[in-house]
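Data first, discussion second: the structure below is written as structure tokens.
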Amino acid sequence: MESKNIINNILRPAGKRYRQMCYALGMAASALLLTSCGDFFDQESDHVIYTENARLSNPSDSIYSVVGIMTKMQALADRTILLGEVRGDLVDVTDVTSSDLRDVALFNIGNDNKYNQPRDYYAVINNCNFYIAHADTSVRNNRNENLFLREYAAVKAYRAWTYLQLVINYGTVPFVTEPILTKAAADRDYPRKGIAEVCDWLIQDIKPLAGVDIPRYSAIGSVDSRFLYFPIHLLLGELNLWAGHYKEAALSYYNYITTANGANSVYPTGANSVFWVRSSTTWDLYNDYGWSYNFSDETYYSNRELITMIPGDSIPSSGNYSQLRNIFNTTQANEYKASLVPSEAMIELSAAQRYCQITSDLDLIYAPQSLSGLLKGDLRLYRTWYTMGNAIYNNKRVDYQEFRKYQTRNVHIYRRQMVYLRMAEALNCAGYPRFAYRILAGGVNDDVIKNMVIPYYRADSLYLSQFRFPVSSNNGYIVSNPAYPNASYYNTIGIHDRGSGWSAYSQYYQLPYNPDITDSLALIAYQKEGVEQMIVDEGALEFAFEGTRYYDLLRFALRRGEPSFLANRIYGRRGEAKRGTVEAEIKSNLLDSRNWFLNWNGKIGIEVTDSK
């Protein structure tokens with residue numbers, strides 16, 4: 001009865017804030033519950049790759065164990081993307097979509113669904129727990145350097161990322177930090193923790209290791225190993241954002257940006273965009289200026305958009321071959337029938353943007369709304385999704401579809417623009433919507449922060465002055481200038497500028513302002529709400545199909561304590577003309593926040609029961 005009352009209380013949407021809702025969801029399903037993990041840890045499998053009782057005290061054992069953990073993570077790669085995308089509002093299923101994937105889209109994920117396998121997460125976690133418990137961190141080399149500290153930090157980061165994925169998908173999870181090596185240990189009762197609890201624990205766990213460099217293994221197979229780690233500063237940003245510590249989250253993302261290329265380095269947004277070439281009213285030429293290159297498996301220093309990926313096997317018959325290419329694209333392997341297409345909501349959102357151009361005479365003009373197809377509005381969808389009906393492909397007549405974000409066997413998890421957008425989200429939540437807006441439109445550097453941000457938040461100038469994006473060198477953060485629209489030396493633009501032109505100057509993309517609001521705090525609250533909507537839309541425009549959408553909607557809905565925020569977007573994904581009873585049923589179910597999460601056999605997740 002006590003748990004039922006807690007559930008009833010948290011489902012009241014008005015007035016709830018993010019951490020309250022996260023903790024309440026965890027309490028609802030796990031306040032006084034303990035869960036046996038026996039179903040997650042099969043003692044006859046290779047759940048722990050290295051099971052000797054001796055401590056990991058030599059390099060070969062350590063490297064073997066770390067690479068073994070990487071192998072276990074491959075089972076999570078496709079699932080991370082698909083659970084984050086198919087449950088969102090940016091894609092739709094087709095007639096050939098598998099029943100398991102269709103059920104994900106319908107929020108009807110049963111215990112036997114291939115995408116509902118918590119054991120795979122615990123396989124990674126248990127191997128990490130074993131490594132952390134057994135690594136001999138006292139061993140030093142002849143230069144008195146700690147021999148295993150980099151690997152130790154990397155493994156703690158693997159565990160943190162995996163636990164974060166587990167808890168945001170299941171809501172509450174059995175939380176185990178010691179290695180389980182026996183059936184007796186597996187059958188023990190373990191407490192469940194919710195999102196905020198897990199994040200808070202992990203923050204304290206990895207924070208002392210934030211300054212530790214990644215291991216240096218050169219290439220593993222054909223992949224530069226530097227792409228295979230989760231930077232701790234970035235993870236601290238993620239964990240703090242989910243836990244509701246917004247100032248800490250913004251600083252953590254910033255700390256990653258300033259150390260991504262080494263201590264005190266610069267890591268600007270880059271200038272890659274999709275834009276119209278002619279600075280006139282003839283809207284018939286465009287260029288992608290390398291924007292599509294953001295999705296390639298680049299070399300580490302060529303572009304540096306990619307941060308972290310999970311490598312996939314190269315042989316389709318292997319157990320860890322990524323199927324994302326065959327799910328999103330038409331290929332010979334799927335008989336030229338793709339399983340996912342952009343949703344009507346995604347197409348409508350892209351078309352609703354207004355492309356702003358500044359001519360060589362410094363006149364402001366907008367691309368007409370009469371442009372055909374995907375050339376209307378934001379241009380990024382045009383460069384992401386390509387179709388051709390009744391085409392000849394490999395000597396066969398087919399309807400061809402290509403997602404340029406899925407042309408590689410490896411699964412991309414983090415990239416540079418994601419860090420900047422999450423930093424904008426954290427800053428907006430912390431009460432600095434002007435700062436967040438400038439990340440979206442125009443870009444930021446020290447001059448922008450000094451002139452356009454700090455004067456509006458004088459009481460917090462000490463906090464804001466910690467964000468330094470210097471412009472004093474050629475390698476600094478150089479923001480684009482409309483007086484020189486064709487110059488090529490810019491390295492920092494707003495995220496919205498990547499597909500919609502000179503956004504900071506567009507009358508359709510301004511910082512929300514209401515002249516009737518005279519109270520400064522009320523105005524900030526008004527602007528926060530408006531910028532939040534802009535961030536939600538930008539997450540779709542820049543990261544569509546990359547597996548982040550549902551998690552973003554979930555995080556915003558939790559923060560707002562507003563189930564309709566998530567439910568309405570999922571309901572609207574097929575557009576008004578195609579919505580039916582199925583969409584209405586999904587919306588009704590999603591108004592109960594317990595249905596936002598997976599559950600499995602009553603062992604993990606928030607189990608939905610009749611609360612009457």
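By order in the structure tokens, chains are A, B, ...; within a chain, residues start at 1; ligands start at 1, following the order shown.
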Report as a count of residues only all protein, DNA and RNA residues lying within 8 Å of range 207-220 of chain A, evaluated on only C-alpha atoms, omitting residues in the same chain fewer than 6 positions from it.
11
Exercise: range 283-293 of chain A partners within 9 Å, only C-alpha atoms, chain neighbours under 6 positions left out, as a PyMOL selection string:
chain A and resi 271-277+303+305+367-368+371+379-380+383-384+404-405+498
Using only C-alpha atoms, the residue out of A:Asp361, A:Gln323, A:Val479, A:Gln332 with shortest distance to Asn395 in chain A is A:Gln332
Backbone DSSP call of strand (DSSP E or B) for range 357-521 of chain A, listed as number ranges by chain
A: 357-358, 364-366, 385-393, 396-403, 411-415, 479, 492, 501
For those residues, write C-alpha atoms to a file as an mmCIF file, in the first residue's frame.
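The result, written out as selection.cif:
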```
data_model
loop_
_atom_site.group_PDB
_atom_site.id
_atom_site.type_symbol
_atom_site.label_atom_id
_atom_site.label_comp_id
_atom_site.auth_asym_id
_atom_site.auth_seq_id
_atom_site.Cartn_x
_atom_site.Cartn_y
_atom_site.Cartn_z
ATOM 1 C CA GLN A 357 21.119 34.227 -45.641
ATOM 2 C CA ILE A 358 23.230 37.369 -45.528
ATOM 3 C CA LEU A 364 19.136 39.764 -44.886
ATOM 4 C CA ILE A 365 17.104 37.353 -47.004
ATOM 5 C CA TYR A 366 15.269 34.075 -46.337
ATOM 6 C CA TRP A 385 18.310 11.104 -45.900
ATOM 7 C CA TYR A 386 18.441 10.213 -49.579
ATOM 8 C CA THR A 387 15.808 8.288 -51.517
ATOM 9 C CA MET A 388 15.278 7.308 -55.125
ATOM 10 C CA GLY A 389 12.190 5.517 -56.350
ATOM 11 C CA ASN A 390 12.345 2.777 -58.974
ATOM 12 C CA ALA A 391 16.133 2.978 -59.147
ATOM 13 C CA ILE A 392 18.630 0.535 -60.595
ATOM 14 C CA TYR A 393 20.893 -0.650 -57.819
ATOM 15 C CA LYS A 396 18.124 -4.617 -59.685
ATOM 16 C CA ARG A 397 15.176 -2.208 -59.826
ATOM 17 C CA VAL A 398 14.452 -1.074 -56.270
ATOM 18 C CA ASP A 399 13.223 1.823 -54.148
ATOM 19 C CA TYR A 400 16.506 3.061 -52.724
ATOM 20 C CA GLN A 401 17.011 4.676 -49.315
ATOM 21 C CA GLU A 402 20.231 5.836 -47.711
ATOM 22 C CA PHE A 403 20.902 7.381 -44.311
ATOM 23 C CA VAL A 411 28.334 2.585 -33.809
ATOM 24 C CA HIS A 412 28.929 6.225 -32.882
ATOM 25 C CA ILE A 413 27.954 7.225 -29.344
ATOM 26 C CA TYR A 414 29.293 10.753 -28.734
ATOM 27 C CA ARG A 415 30.333 13.564 -31.023
ATOM 28 C CA VAL A 479 33.066 33.169 -34.299
ATOM 29 C CA THR A 492 32.937 28.311 -34.347
ATOM 30 C CA GLY A 501 22.149 29.810 -41.973
#
```
From the DSSP assignment of the backbone, select every residue of range 300-516 of chain A that is alpha helix (DSSP H), and format the answer as a ChimeraX atom specification.
/A:324-328,344-352,380-384,416-429,433-440,446-452,461-464,497-500
Spatial neighbours of range 244-248 of chain A, max dist 9 Å, only C-alpha atoms, sep filter under 6 positions, as a short mmCIF file (atom, residue, chain, number, x, y, z; two decimals) with all heavy atoms, in the first residue's frame:
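The result, written out as around.cif:
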```
data_model
loop_
_atom_site.label_atom_id
_atom_site.label_comp_id
_atom_site.auth_asym_id
_atom_site.auth_seq_id
_atom_site.Cartn_x
_atom_site.Cartn_y
_atom_site.Cartn_z
N TYR A 18 12.56 17.85 -11.57
CA TYR A 18 13.25 16.68 -12.10
C TYR A 18 13.77 15.71 -11.06
O TYR A 18 13.47 14.53 -11.09
CB TYR A 18 14.42 17.18 -12.97
CG TYR A 18 15.23 16.06 -13.56
CD1 TYR A 18 14.74 15.34 -14.63
CD2 TYR A 18 16.47 15.73 -13.04
CE1 TYR A 18 15.47 14.31 -15.17
CE2 TYR A 18 17.20 14.71 -13.58
CZ TYR A 18 16.71 14.01 -14.65
OH TYR A 18 17.44 13.00 -15.18
N ARG A 19 14.54 16.18 -10.09
CA ARG A 19 15.12 15.25 -9.13
C ARG A 19 14.03 14.61 -8.28
O ARG A 19 14.11 13.44 -7.92
CB ARG A 19 16.13 15.97 -8.23
CG ARG A 19 17.47 16.20 -8.91
CD ARG A 19 18.45 16.86 -7.98
NE ARG A 19 18.76 16.04 -6.81
CZ ARG A 19 19.62 15.04 -6.83
NH1 ARG A 19 20.22 14.69 -7.93
NH2 ARG A 19 19.86 14.36 -5.72
N ALA A 196 18.48 9.12 -10.34
CA ALA A 196 19.27 10.10 -9.59
C ALA A 196 20.23 9.43 -8.63
O ALA A 196 21.37 9.87 -8.46
CB ALA A 196 18.35 11.07 -8.86
N LEU A 236 30.83 12.88 -16.60
CA LEU A 236 30.39 13.67 -15.45
C LEU A 236 29.31 14.69 -15.87
O LEU A 236 28.37 14.96 -15.12
CB LEU A 236 31.57 14.39 -14.82
CG LEU A 236 32.52 13.51 -14.00
CD1 LEU A 236 33.78 14.27 -13.62
CD2 LEU A 236 31.83 12.99 -12.74
N GLY A 237 29.47 15.22 -17.08
CA GLY A 237 28.42 16.09 -17.59
C GLY A 237 27.11 15.35 -17.74
O GLY A 237 26.05 15.83 -17.32
N GLU A 425 21.96 22.91 -22.81
CA GLU A 425 20.83 22.46 -22.00
C GLU A 425 21.10 22.68 -20.52
O GLU A 425 20.23 23.17 -19.78
CB GLU A 425 20.56 20.98 -22.27
CG GLU A 425 19.41 20.40 -21.47
CD GLU A 425 19.23 18.90 -21.69
OE1 GLU A 425 19.67 18.38 -22.74
OE2 GLU A 425 18.64 18.24 -20.81
N ALA A 426 22.29 22.31 -20.07
CA ALA A 426 22.63 22.47 -18.65
C ALA A 426 22.64 23.94 -18.26
O ALA A 426 22.14 24.32 -17.19
CB ALA A 426 23.97 21.81 -18.36
N LEU A 427 23.22 24.80 -19.10
CA LEU A 427 23.27 26.22 -18.81
C LEU A 427 21.87 26.82 -18.76
O LEU A 427 21.57 27.67 -17.91
CB LEU A 427 24.13 26.94 -19.85
CG LEU A 427 25.64 26.72 -19.73
CD1 LEU A 427 26.34 27.18 -20.99
CD2 LEU A 427 26.19 27.44 -18.50
N ASN A 428 21.01 26.40 -19.66
CA ASN A 428 19.65 26.91 -19.65
C ASN A 428 18.92 26.49 -18.38
O ASN A 428 18.25 27.31 -17.73
CB ASN A 428 18.90 26.40 -20.88
CG ASN A 428 17.54 27.05 -21.04
OD1 ASN A 428 17.43 28.28 -21.13
ND2 ASN A 428 16.49 26.25 -21.05
N CYS A 429 19.08 25.22 -18.01
CA CYS A 429 18.44 24.75 -16.78
C CYS A 429 18.99 25.46 -15.54
O CYS A 429 18.29 25.64 -14.55
CB CYS A 429 18.63 23.24 -16.64
SG CYS A 429 17.71 22.27 -17.83
N ALA A 430 20.27 25.85 -15.60
CA ALA A 430 20.90 26.54 -14.47
C ALA A 430 20.48 28.00 -14.38
O ALA A 430 20.83 28.68 -13.41
CB ALA A 430 22.42 26.44 -14.57
N TYR A 463 30.75 32.59 -11.50
CA TYR A 463 30.53 31.27 -12.10
C TYR A 463 30.72 31.32 -13.61
O TYR A 463 31.45 30.50 -14.19
CB TYR A 463 29.13 30.77 -11.77
CG TYR A 463 28.73 29.51 -12.51
CD1 TYR A 463 29.20 28.26 -12.12
CD2 TYR A 463 27.90 29.58 -13.63
CE1 TYR A 463 28.85 27.11 -12.81
CE2 TYR A 463 27.55 28.42 -14.32
CZ TYR A 463 28.02 27.20 -13.91
OH TYR A 463 27.68 26.07 -14.60
N ARG A 559 12.33 16.17 -15.94
CA ARG A 559 12.69 17.46 -15.33
C ARG A 559 11.46 18.33 -15.13
O ARG A 559 11.30 18.98 -14.09
CB ARG A 559 13.70 18.18 -16.21
CG ARG A 559 14.13 19.54 -15.69
CD ARG A 559 15.03 20.25 -16.70
NE ARG A 559 16.18 19.43 -17.01
CZ ARG A 559 16.60 19.18 -18.24
NH1 ARG A 559 15.94 19.65 -19.28
NH2 ARG A 559 17.66 18.44 -18.45
#
```
Within 8 Å of range 586-600 of chain A, counting only C-alpha atoms, which residues qualify if same-chain residues fewer than 3 places away don't, as an MDAnalysis selection string?
chainID A and resid 11 25 106:107 109:111 116:118 168:171 554 563:564 566:568 570:571 582:583 603:608
